[in-house]
Amino acid sequence: CSKELEKVNKNPNEAESAQPDYLLTNGIKTNVDTYWGTDASMETSLLYVQYWAKIQYTDPDKYIPAATSIQTIWNNFYAQGVEDFTTLIQLGDTLNNPNYKAVGIIMRSWIFQVLTDLYGDVPYSQTANIEKYLTPKYDNQRDIYLGLLAELKTAAGLINTSGDAIGGDVLYSGDMNKWKKFANSLRLRIALRIADQEFDAAKAVFDEIGADNTGLIASNSENAQLVYLASPNQNPVAKNRETRSDYRISKSVVDLLRAYNDPRLAVYGAVPKDTNTIVGITNGLPTDSASRLGFNKTSDVGAVFTATTAPGVIFNYAELLFIKAEAAQRGLLSGDAEDLYKQAITASFKQYNLSDAAATTYLAQASVAYDAANYRKSIGEQKWLALFGEGLEGFAEWRRLDYPVLKPAYAGVLDGKIPLRLTYPSAEQALNGANYREAVAHQGADQLVTRLWFDVR
Amino acid sequence: QDNRVTGVVTSRTDATPIPGAIVTVKGSHHGTQTDADGKYSINVSPKDTLRISFIGYTAVEQVVGSSRTLNFALENNESKLQEVVVTALGISREKRSLGYAVQELKSKDIAEARETNVVNALTGKIAGVTVTSSQGSMGSSRIVIRGETSIAGYNQPLFIVDGIPLDNSQLGVGTGRDFANAIADLNSDDIESLNVLKGPNAAALYGSRAAGGVLVIKTKTGKGVKGYGVTVNSSATFENILVLPKYQNSYGQGSSGQFSYVDGKGGGINDGVDESWGPKMDGRLIPQFFSNGVAVPFVAHPDNVKDFYQTGYTLNNGVAVSGSNDKVDYRFSFNNTKQTGIMPNTGITRNSFAVNTTFHLAPKLTLSTYANYVKAGADNLPGIDGKRANSVTLQYTWFGRQVDTRLLRNYKNADGTDFNWNHSYYSNPYWIQYENTVGQARNRFFGNARLSYDVTDWLSANFRVGTDTYNDKRKYKVAYYTNGTPYGSYTEDNYVVTETNGEFTLNAKKKLNSDFTIDGLAGGNIRTNQYENNYQQAPKLAVKDVYTLNNSRDPVISTNVFTRLKVYSAFASATLSYKNWAFLSATARNDWSSTLPAGNNSYFYPSVNASVVLSDALHIQSNVLTNLKVRGGWAMVGKDTDPYQLVNTYPFSQPFGSYPMLTVNDKFLKKDLKPEITKATEFGVEAGFLKDRIHADVTYYSSSSYNQILLADVSATTGDLKKILNAGKINNHGVEVMLGGTPITTASGFRWDVNINYAKNISKVIELDKEGFLNDYVLGSSGNMQVLASKGKRYGALYGKAYKRNDKGEILVSASGAPIVADDKKVLGYYTPKWTGSINNNFSFKGFTVGFLIDTRQGGQIWSGTNYTGIYTGVLAASMPGRDEEHGGIPYYYANNNQQSAAVRLENHTAAAPNGETVYHDGIIFDGVTADGKKNEAILPAQRYYKAVYSSSLNESSVYSASFIKLREVRIGYALPLELAHKWGLQGVNLTVTGRNLFYIDKKVPNIDPETAFNTGNGQGLETLQIPTTRSIGVNLKVSF
């Protein structure tokens, strides 16, 4: 009788154990979706950092984010990201396959880095362990970045290129060497992110791995990116454009590209139906003024970004070179900052299949010449251009470097300020209230304009 | 010489026939009984005296004389205590012996309402019952008795039809249609009586599923019908809109007063804007969606939304044939219901067939069978949930008030696309109704067979098997070119639900001595439930207008779920009665459920209750106090959970190309779940006064439900979105009062009856998790607005974004003059009412009856999405104050016409600005204070004002009191005098006119019906974009042959 009852209650619909390769595919796909998706990117970071602007339903562009967007980003990154990769890390241990474990740590670290960049203090050390922590505490941003540096170092160390292979790897097709490069590149990204606060810790990372180019992303073919497939596995931007026409390229990015005669303008923007020049629109217009500009007279972003199979990039080669340029400039790394800066711009051109000649011509302009005295401007502007479309990373670096100088949204609701973070999802108040309040007490009011720890200026 | 005398026995109260009345020749054993139509026939001699008697009525006697026809109208004298009611497991008992409250409705009370969903017929008629209907008149309805006893689980009562549980699931919540809850399949005309067992005390024997009470339904049989009888019932009910929002008719589509149409998606001036902050509709010339670029008068169409709706109607036709003889009685019924909704191209049809038979196979052996087949369906159901492909109320709340919806009726252009006023987000509303349809087809069988054997004169053995099984297939079509779904889509969603019960009982009734009688039963039950759902979708059609799953551009999306559970039960109950005035009952039941882990899957729960009829015990013989009974009891019931809540699993998702994917479940399950327990106590007093002309029944109850199994929302940072907890605790206590009386009854046959119900329930959430981490459990949400079960608070807190206030409670405004929204959310109200009540009056005279029912719900709040959205969009009349000079707007200008600067107030509307700046007349000042405590003086243009105050990021402004008083029902009936009927060869003719939901005598929330919700779940108190609710008036004709 009891046996019979137990048999009846065996779930016939779902697997009772996880296969690591299936879990890995899912983890990469769903989190790159979130990173490039409506909530984290199109409705928030892409607007704040003025890569895109809204021509319809302009509230988010006026810094009134939808509560659901904020909640979705949080839920996806934690429940689909941190949770799935934590399980993969555990599977790596139980299956005795350190490569799975390493990949799990790298992906999870990337997700935590994105989360803390966006929100500031977030739960880190007590996450994805519901049996022990039903209400995880919020860790300080400093501790999170330092923790991630340590975790990524461990992950890179675990990688065994001659060990058991991994499956389901839609990012690097199981090439563990590339995973190691990605891990190290992420370490440099984080090290630089904290350099204004924790210079020595940053320096230690650069000292350890900054000089060895073979251990870092070394070309655009090594970019960390998910190449999307046909529908229903299309790029999130492509999916959005199938039914919506809410977004345009921001006037800010068009103006800078045009000012520098940048050939990437034709890549980043699309020519509108009714005109033959690329027209960006101002961020944060009132609904009526925005819609009056006309769908056919203003530019969407370029086809490179709206194509079905457009890649979802999470780390490109140009970024790594910009990191090294800045590190060289600031004494974190030995090297020629200007040369690295030029290499970085060239890498960005190449990413979009522009010729070396075009890059050379571009770099010859006085307006884009590297200015060591104001490296934040040179690197800030060019990195901003090179990260176009990657809203979250662009937003983080713009906050750190304070360049380019952006004008707040025209009808922004933040008294002339630009968001410096996202507010915590409102469900946290009900579900993790005590820790939420502690985090707010530590970090400052839960508002869009509250400055985060890494963002010194 | 004997004569055959025939006649009909009716009730004087309402002239309805009394079946089963006993007709005897006084002083002899010669006698008969009336049939289902109250008709009798007997051989007597003229000098005989006929005596007509029936329980609950004063017997009458009459000498036969020369009459061949003798009709009798009996006066009701029933003491409420003598009423026989059906209790748990179908046991009939006199009310005097019950230790708990029950309330009964007769067929008439239910059938006369002519509701297509039987649950709605109960509204206002039973103390402590709350009914909420979700959307329109063909959707779902939720019924809750004595408040919510389960924080997260199912809170509606169990439905038992002729001893067998009948499923009442609402399947497909969140799919954009409000599919009716499954009990709507039941044909009201087949119901003989409906008993409401209000809590665990009455229902403990049903076990697991009885915590929310039980509705015990007995269907009509052919018992007592001599020969055979035929009843034909025919009704037509018409419905129109009861509550339609009040729209403004001054300003049309657009923003900041500007509008000009080019392509309806931003090509013109604000022509993609779906709001009405545009130009004044004063006949000025503006190109519009129908004018091909020509400027035409911009004028109001005040009835543009109303024009879209139509009069709904329901035709209901049924026939029942019943009969009996020594060996068998039977009843066969057929009923056809066809309802056409108020929205174009919506409707449902239902055909039901029922057969109820009893075979007296041998003197001691009886076989009863009951079988019901229902074929129900719809070609299209109205869309809800604010999905743009199917919700028209969405686009009428975001609307251009100048749009003439009559022009939209020809919805298709020559190229197959839709003709509409807007193309940035919506499709033509008629396109939505005629192209984007959802069809439903249900086939349901429920019934049982029962074999009963009288072992001795005091012991019988019963064996019953019953099943309830249905499949329900939905087909969702979204047409090519639908905005947002340019390739259209096609979805099939198919459910198969089955419950089977096998039950064996031994029933005993034995008189122990002259004082004591014992009455008991013992038995066992095996129940199995299966549920299957197959969902398949062609997300983009390859070819337009062909709706098959094969016609797909993208891989077909499919999911399927299969669940089953099994429960073994053993139970016993006994009632000991002493001198028929003291009663002591006890029940016990043990369940073994497959849904709980070994070790915790067996759970026992007892109940005990007692009643004493004091008036008999103390021999009170008073004309003032006719009878008096006290009762009380204690009960405990256990409850299992859904299948597969113990072991964590990994669900699959659609593959990424050739890479299969699975993920970690977002729900964290629990290996060692324990059953939920509800303990309940109740006490009551019943009293009859003035020969029972006045009777009162008062109950106090309290219940505590603990170890509740909650699928609680948890912070996503735990890695999960939900976790199963086994610790929730909620307490309820309350009072119910039922008062009845007959203020007037005259010898001429006039009679006035009144019934009053009152109920008050207080709930409190005591605990959510053992560790005390969780303070709130989310029952439902819409945007920022959440409905919570919060620790230490009443159940059903509306929790949302509120105004930021200073210490004095004044609302703070920002520099611009807009109210500031507080960072922290707060409790803005509770959806659970403070008390409910109703008064039902019935007047009868000869064959005429007139009755009306008024009911009320007081206390409790509702958050209205229709209100905030419609004001935000400038569509509702509530967005008019301050919009212009006529409506009290303040005149102002911007220095140098710089709109970024602060608005400067002008003395009056004729004053000019100092430098000739543009003068505006739509200024409003929000009633608030600045941070330094000064009264706000900053002027906001009306559009900005209303968008700041009524928005999705500020919920407080759209929470309203849900209190109401409603004229629920008016009935006018006429029964043809039987003499006349008989002359025409008929047994009876009854004509009734019933009006339902006629109007609100009082309600606090504007523009919507407060008795509404998204669905039948626990997340009540939220309204958004509801389909207007309707009032109905119906005529019903019943003819018996």
# chains A, B, ... in the order shown; residues from 1 in each chain; ligands from 1

$ residues_around --residues "Pro46 of chain B" --least-positions-apart "6" --cutoff "12 Å" --atoms "only C-alpha atoms" --output "ChimeraX atom specification"
/B:1-5,25,62-70

$ select_by_dssp --residues "segment 244-378 of chain A" --states "helix (DSSP H, G or I)" --output "ChimeraX atom specification"
/A:251-259,265-268,287-292,303-306,317-329,337-351,356-363,366-368,372-378

$ write_last_selection --atoms "C-alpha atoms" --output "mmCIF file, in the first residue's frame"
data_model
loop_
_atom_site.group_PDB
_atom_site.id
_atom_site.type_symbol
_atom_site.label_atom_id
_atom_site.label_comp_id
_atom_site.auth_asym_id
_atom_site.auth_seq_id
_atom_site.Cartn_x
_atom_site.Cartn_y
_atom_site.Cartn_z
ATOM 1 C CA LYS A 251 21.393 61.106 -30.911
ATOM 2 C CA SER A 252 24.308 61.108 -28.458
ATOM 3 C CA VAL A 253 26.066 58.215 -30.136
ATOM 4 C CA VAL A 254 25.268 59.461 -33.642
ATOM 5 C CA ASP A 255 26.658 62.908 -32.805
ATOM 6 C CA LEU A 256 29.940 61.552 -31.477
ATOM 7 C CA LEU A 257 30.390 59.110 -34.358
ATOM 8 C CA ARG A 258 29.665 61.879 -36.821
ATOM 9 C CA ALA A 259 31.978 64.335 -35.049
ATOM 10 C CA LEU A 265 28.151 55.076 -37.846
ATOM 11 C CA ALA A 266 26.925 53.148 -40.888
ATOM 12 C CA VAL A 267 27.205 49.919 -38.882
ATOM 13 C CA TYR A 268 25.609 51.095 -35.681
ATOM 14 C CA THR A 287 5.764 60.841 -25.721
ATOM 15 C CA ASP A 288 4.259 63.296 -28.151
ATOM 16 C CA SER A 289 7.509 64.957 -29.227
ATOM 17 C CA ALA A 290 9.120 61.553 -29.662
ATOM 18 C CA SER A 291 6.379 60.150 -31.791
ATOM 19 C CA ARG A 292 6.206 63.320 -33.851
ATOM 20 C CA ALA A 303 21.254 45.420 -39.085
ATOM 21 C CA VAL A 304 24.342 43.941 -37.406
ATOM 22 C CA PHE A 305 22.416 44.257 -34.164
ATOM 23 C CA THR A 306 18.894 43.511 -35.314
ATOM 24 C CA TYR A 317 38.607 41.908 -27.777
ATOM 25 C CA ALA A 318 38.488 45.691 -28.055
ATOM 26 C CA GLU A 319 37.410 45.923 -24.443
ATOM 27 C CA LEU A 320 40.365 43.872 -23.311
ATOM 28 C CA LEU A 321 42.728 46.160 -25.197
ATOM 29 C CA PHE A 322 41.087 49.244 -23.675
ATOM 30 C CA ILE A 323 41.540 47.666 -20.254
ATOM 31 C CA LYS A 324 45.206 47.143 -20.959
ATOM 32 C CA ALA A 325 45.609 50.640 -22.345
ATOM 33 C CA GLU A 326 44.163 52.178 -19.225
ATOM 34 C CA ALA A 327 46.154 49.832 -17.006
ATOM 35 C CA ALA A 328 49.313 50.843 -18.802
ATOM 36 C CA GLN A 329 48.396 54.499 -18.432
ATOM 37 C CA ALA A 337 48.946 53.091 -23.441
ATOM 38 C CA GLU A 338 48.614 54.953 -26.710
ATOM 39 C CA ASP A 339 49.565 51.940 -28.770
ATOM 40 C CA LEU A 340 47.105 49.762 -26.888
ATOM 41 C CA TYR A 341 44.433 52.415 -27.343
ATOM 42 C CA LYS A 342 45.002 52.349 -31.084
ATOM 43 C CA GLN A 343 44.961 48.563 -31.125
ATOM 44 C CA ALA A 344 41.699 48.631 -29.248
ATOM 45 C CA ILE A 345 40.011 50.932 -31.753
ATOM 46 C CA THR A 346 41.362 48.839 -34.600
ATOM 47 C CA ALA A 347 39.988 45.697 -32.955
ATOM 48 C CA SER A 348 36.595 47.348 -32.697
ATOM 49 C CA PHE A 349 36.698 48.254 -36.393
ATOM 50 C CA LYS A 350 37.594 44.691 -37.213
ATOM 51 C CA GLN A 351 34.803 43.342 -35.098
ATOM 52 C CA ASP A 356 42.586 48.278 -41.424
ATOM 53 C CA ALA A 357 42.858 51.214 -43.798
ATOM 54 C CA ALA A 358 39.647 52.692 -42.431
ATOM 55 C CA ALA A 359 41.055 52.318 -38.925
ATOM 56 C CA THR A 360 44.334 53.949 -39.911
ATOM 57 C CA THR A 361 42.541 56.893 -41.500
ATOM 58 C CA TYR A 362 40.352 57.211 -38.445
ATOM 59 C CA LEU A 363 43.241 57.097 -36.019
ATOM 60 C CA ALA A 366 43.587 64.779 -34.265
ATOM 61 C CA SER A 367 40.163 64.450 -32.660
ATOM 62 C CA VAL A 368 40.681 60.828 -31.812
ATOM 63 C CA ALA A 372 47.422 60.818 -21.978
ATOM 64 C CA ALA A 373 46.681 63.887 -19.888
ATOM 65 C CA ASN A 374 42.983 63.178 -20.092
ATOM 66 C CA TYR A 375 43.017 59.458 -20.653
ATOM 67 C CA ARG A 376 39.573 59.131 -19.112
ATOM 68 C CA LYS A 377 38.134 61.123 -21.983
ATOM 69 C CA SER A 378 40.073 59.354 -24.733
#

$ residues_around --residues "Gly439 of chain B" --least-positions-apart "2" --cutoff "9 Å" --atoms "only C-alpha atoms" --output "ChimeraX atom specification"
/B:377-381,437,441,473-477

$ closest_residue --among "B:Asn436, B:Thr337, B:Asn665, B:Ser424" --to "Glu14 of chain A" --atoms "only C-alpha atoms"
B:Asn665

$ interface_residues --of "chain A" --to "chain B" --cutoff "6 Å" --atoms "only C-alpha atoms" --output "short mmCIF file (atom, residue, chain, number, x, y, z; two decimals) with N, CA and C atoms, in the first residue's frame"
data_model
loop_
_atom_site.label_atom_id
_atom_site.label_comp_id
_atom_site.auth_asym_id
_atom_site.auth_seq_id
_atom_site.Cartn_x
_atom_site.Cartn_y
_atom_site.Cartn_z
N LEU A 5 1.59 3.93 -3.06
CA LEU A 5 1.42 5.38 -2.95
C LEU A 5 2.68 6.11 -3.41
N ASN A 9 3.33 8.78 -6.75
CA ASN A 9 3.82 10.16 -6.60
C ASN A 9 5.17 10.40 -7.27
N ASN A 11 7.19 11.75 -10.15
CA ASN A 11 6.91 12.75 -11.20
C ASN A 11 7.31 12.23 -12.58
N ASN A 13 6.98 13.86 -15.36
CA ASN A 13 7.10 14.96 -16.32
C ASN A 13 8.51 15.55 -16.44
N GLU A 14 9.30 15.38 -15.40
CA GLU A 14 10.59 16.06 -15.39
C GLU A 14 11.69 15.12 -14.93
N ALA A 15 12.93 15.45 -15.34
CA ALA A 15 14.06 14.61 -14.99
C ALA A 15 14.39 14.77 -13.51
N GLU A 16 14.81 13.67 -12.90
CA GLU A 16 15.17 13.77 -11.48
C GLU A 16 16.64 14.11 -11.28
N TYR A 22 23.31 19.71 -20.80
CA TYR A 22 22.01 20.38 -21.04
C TYR A 22 21.87 21.61 -20.15
N LEU A 23 22.39 21.48 -18.94
CA LEU A 23 22.31 22.58 -17.99
C LEU A 23 23.18 23.75 -18.45
N ASN A 26 21.59 25.66 -21.36
CA ASN A 26 20.50 26.48 -20.82
C ASN A 26 21.05 27.70 -20.08
N ASN A 75 15.37 38.31 -11.04
CA ASN A 75 14.92 36.90 -11.00
C ASN A 75 15.71 36.05 -11.97
N TYR A 78 19.49 35.62 -10.92
CA TYR A 78 19.68 34.78 -9.73
C TYR A 78 19.11 33.37 -9.91
N ALA A 79 17.83 33.29 -10.30
CA ALA A 79 17.20 31.97 -10.28
C ALA A 79 17.58 31.12 -11.50
N GLU A 83 21.75 30.17 -9.79
CA GLU A 83 21.28 28.85 -9.36
C GLU A 83 21.77 27.74 -10.31
N ASP A 84 21.55 27.92 -11.61
CA ASP A 84 21.94 26.88 -12.55
C ASP A 84 23.45 26.63 -12.54
N THR A 127 23.99 33.11 -1.46
CA THR A 127 22.99 32.84 -2.49
C THR A 127 22.95 31.37 -2.88
N ALA A 128 21.85 31.03 -3.54
CA ALA A 128 21.67 29.70 -4.12
C ALA A 128 21.94 28.58 -3.12
N ASN A 129 21.49 28.81 -1.91
CA ASN A 129 21.63 27.79 -0.88
C ASN A 129 20.41 27.90 0.03
N ILE A 130 19.28 27.63 -0.55
CA ILE A 130 18.01 27.95 0.10
C ILE A 130 17.79 27.18 1.39
N THR A 243 8.13 42.51 -33.73
CA THR A 243 6.79 43.02 -33.47
C THR A 243 6.77 44.45 -32.98
N ASP A 288 4.74 62.68 -26.91
CA ASP A 288 4.26 63.30 -28.15
C ASP A 288 5.40 63.80 -29.01
N SER A 291 7.09 60.81 -30.70
CA SER A 291 6.38 60.15 -31.79
C SER A 291 6.25 61.09 -32.99
N ARG A 292 6.30 62.38 -32.74
CA ARG A 292 6.21 63.32 -33.85
C ARG A 292 7.42 63.24 -34.78
N GLY A 294 8.66 60.70 -36.08
CA GLY A 294 8.33 59.83 -37.20
C GLY A 294 9.19 58.59 -37.27
N ALA A 430 9.43 42.76 0.53
CA ALA A 430 8.53 41.83 1.21
C ALA A 430 9.23 40.52 1.55
N LEU A 431 10.13 40.09 0.69
CA LEU A 431 10.65 38.73 0.83
C LEU A 431 12.00 38.65 1.53
#

$ closest_atom_pairs --of "segment 52-157 of chain A" --to "segment 380-394 of chain A" --cutoff "10 Å" --atoms "only C-alpha atoms" --output "Markdown table"
| residue | atom | partner | partner_atom | distance |
| --- | --- | --- | --- | --- |
| A:Trp52 | CA | A:Gly389 | CA | 8.2 |
| A:Gln113 | CA | A:Glu393 | CA | 9.9 |
| A:Val114 | CA | A:Leu392 | CA | 7.2 |
| A:Leu115 | CA | A:Leu392 | CA | 9.6 |
| A:Asp117 | CA | A:Leu392 | CA | 8.1 |
| A:Leu118 | CA | A:Leu392 | CA | 7.6 |

$ write_last_selection --atoms "all heavy atoms" --output "compact mmCIF listing (two decimals), in the first residue's frame"
# COMPACT_ATOMS: atom_id res chain seq x y z
N TRP A 52 20.86 53.77 -27.15
CA TRP A 52 19.54 53.76 -27.78
C TRP A 52 18.69 54.84 -27.13
O TRP A 52 19.02 55.34 -26.06
CB TRP A 52 18.82 52.41 -27.54
CG TRP A 52 19.38 51.21 -28.22
CD1 TRP A 52 20.60 51.06 -28.78
CD2 TRP A 52 18.69 49.95 -28.37
NE1 TRP A 52 20.74 49.78 -29.27
CE2 TRP A 52 19.57 49.08 -29.04
CE3 TRP A 52 17.44 49.47 -28.02
CZ2 TRP A 52 19.23 47.77 -29.36
CZ3 TRP A 52 17.10 48.18 -28.33
CH2 TRP A 52 17.99 47.33 -29.00
N GLN A 113 29.19 39.79 -11.38
CA GLN A 113 29.81 41.07 -11.74
C GLN A 113 28.75 41.99 -12.34
O GLN A 113 28.65 43.17 -11.98
CB GLN A 113 30.97 40.82 -12.72
CG GLN A 113 31.53 42.08 -13.36
CD GLN A 113 31.36 42.06 -14.86
OE1 GLN A 113 31.70 41.09 -15.52
NE2 GLN A 113 30.81 43.15 -15.42
N VAL A 114 27.92 41.46 -13.23
CA VAL A 114 26.88 42.26 -13.86
C VAL A 114 25.88 42.75 -12.81
O VAL A 114 25.47 43.91 -12.80
CB VAL A 114 26.16 41.45 -14.96
CG1 VAL A 114 24.94 42.21 -15.48
CG2 VAL A 114 27.12 41.13 -16.09
N LEU A 115 25.51 41.85 -11.89
CA LEU A 115 24.54 42.21 -10.86
C LEU A 115 25.04 43.33 -9.96
O LEU A 115 24.33 44.30 -9.69
CB LEU A 115 24.20 40.98 -10.00
CG LEU A 115 23.17 40.02 -10.57
CD1 LEU A 115 23.21 38.69 -9.82
CD2 LEU A 115 21.77 40.63 -10.49
N ASP A 117 27.50 45.46 -10.61
CA ASP A 117 27.64 46.67 -11.42
C ASP A 117 26.32 47.44 -11.46
O ASP A 117 26.28 48.67 -11.42
CB ASP A 117 27.95 46.32 -12.88
CG ASP A 117 29.37 45.82 -13.10
OD1 ASP A 117 30.18 45.93 -12.17
OD2 ASP A 117 29.64 45.31 -14.22
N LEU A 118 25.22 46.69 -11.53
CA LEU A 118 23.93 47.29 -11.78
C LEU A 118 23.23 47.76 -10.50
O LEU A 118 22.61 48.81 -10.47
CB LEU A 118 23.06 46.27 -12.51
CG LEU A 118 21.78 46.74 -13.17
CD1 LEU A 118 22.03 47.90 -14.12
CD2 LEU A 118 21.14 45.59 -13.95

$ closest_residue --among "B:Pro165, B:Gly222, B:Gly638, B:Pro606" --to "Phe446 of chain B" --atoms "only C-alpha atoms"
B:Pro165

$ atom_distance --atom1 "atom CA of Gly985 of chain B" --atom2 "atom CA of Val1039 of chain B"
10.9 Å
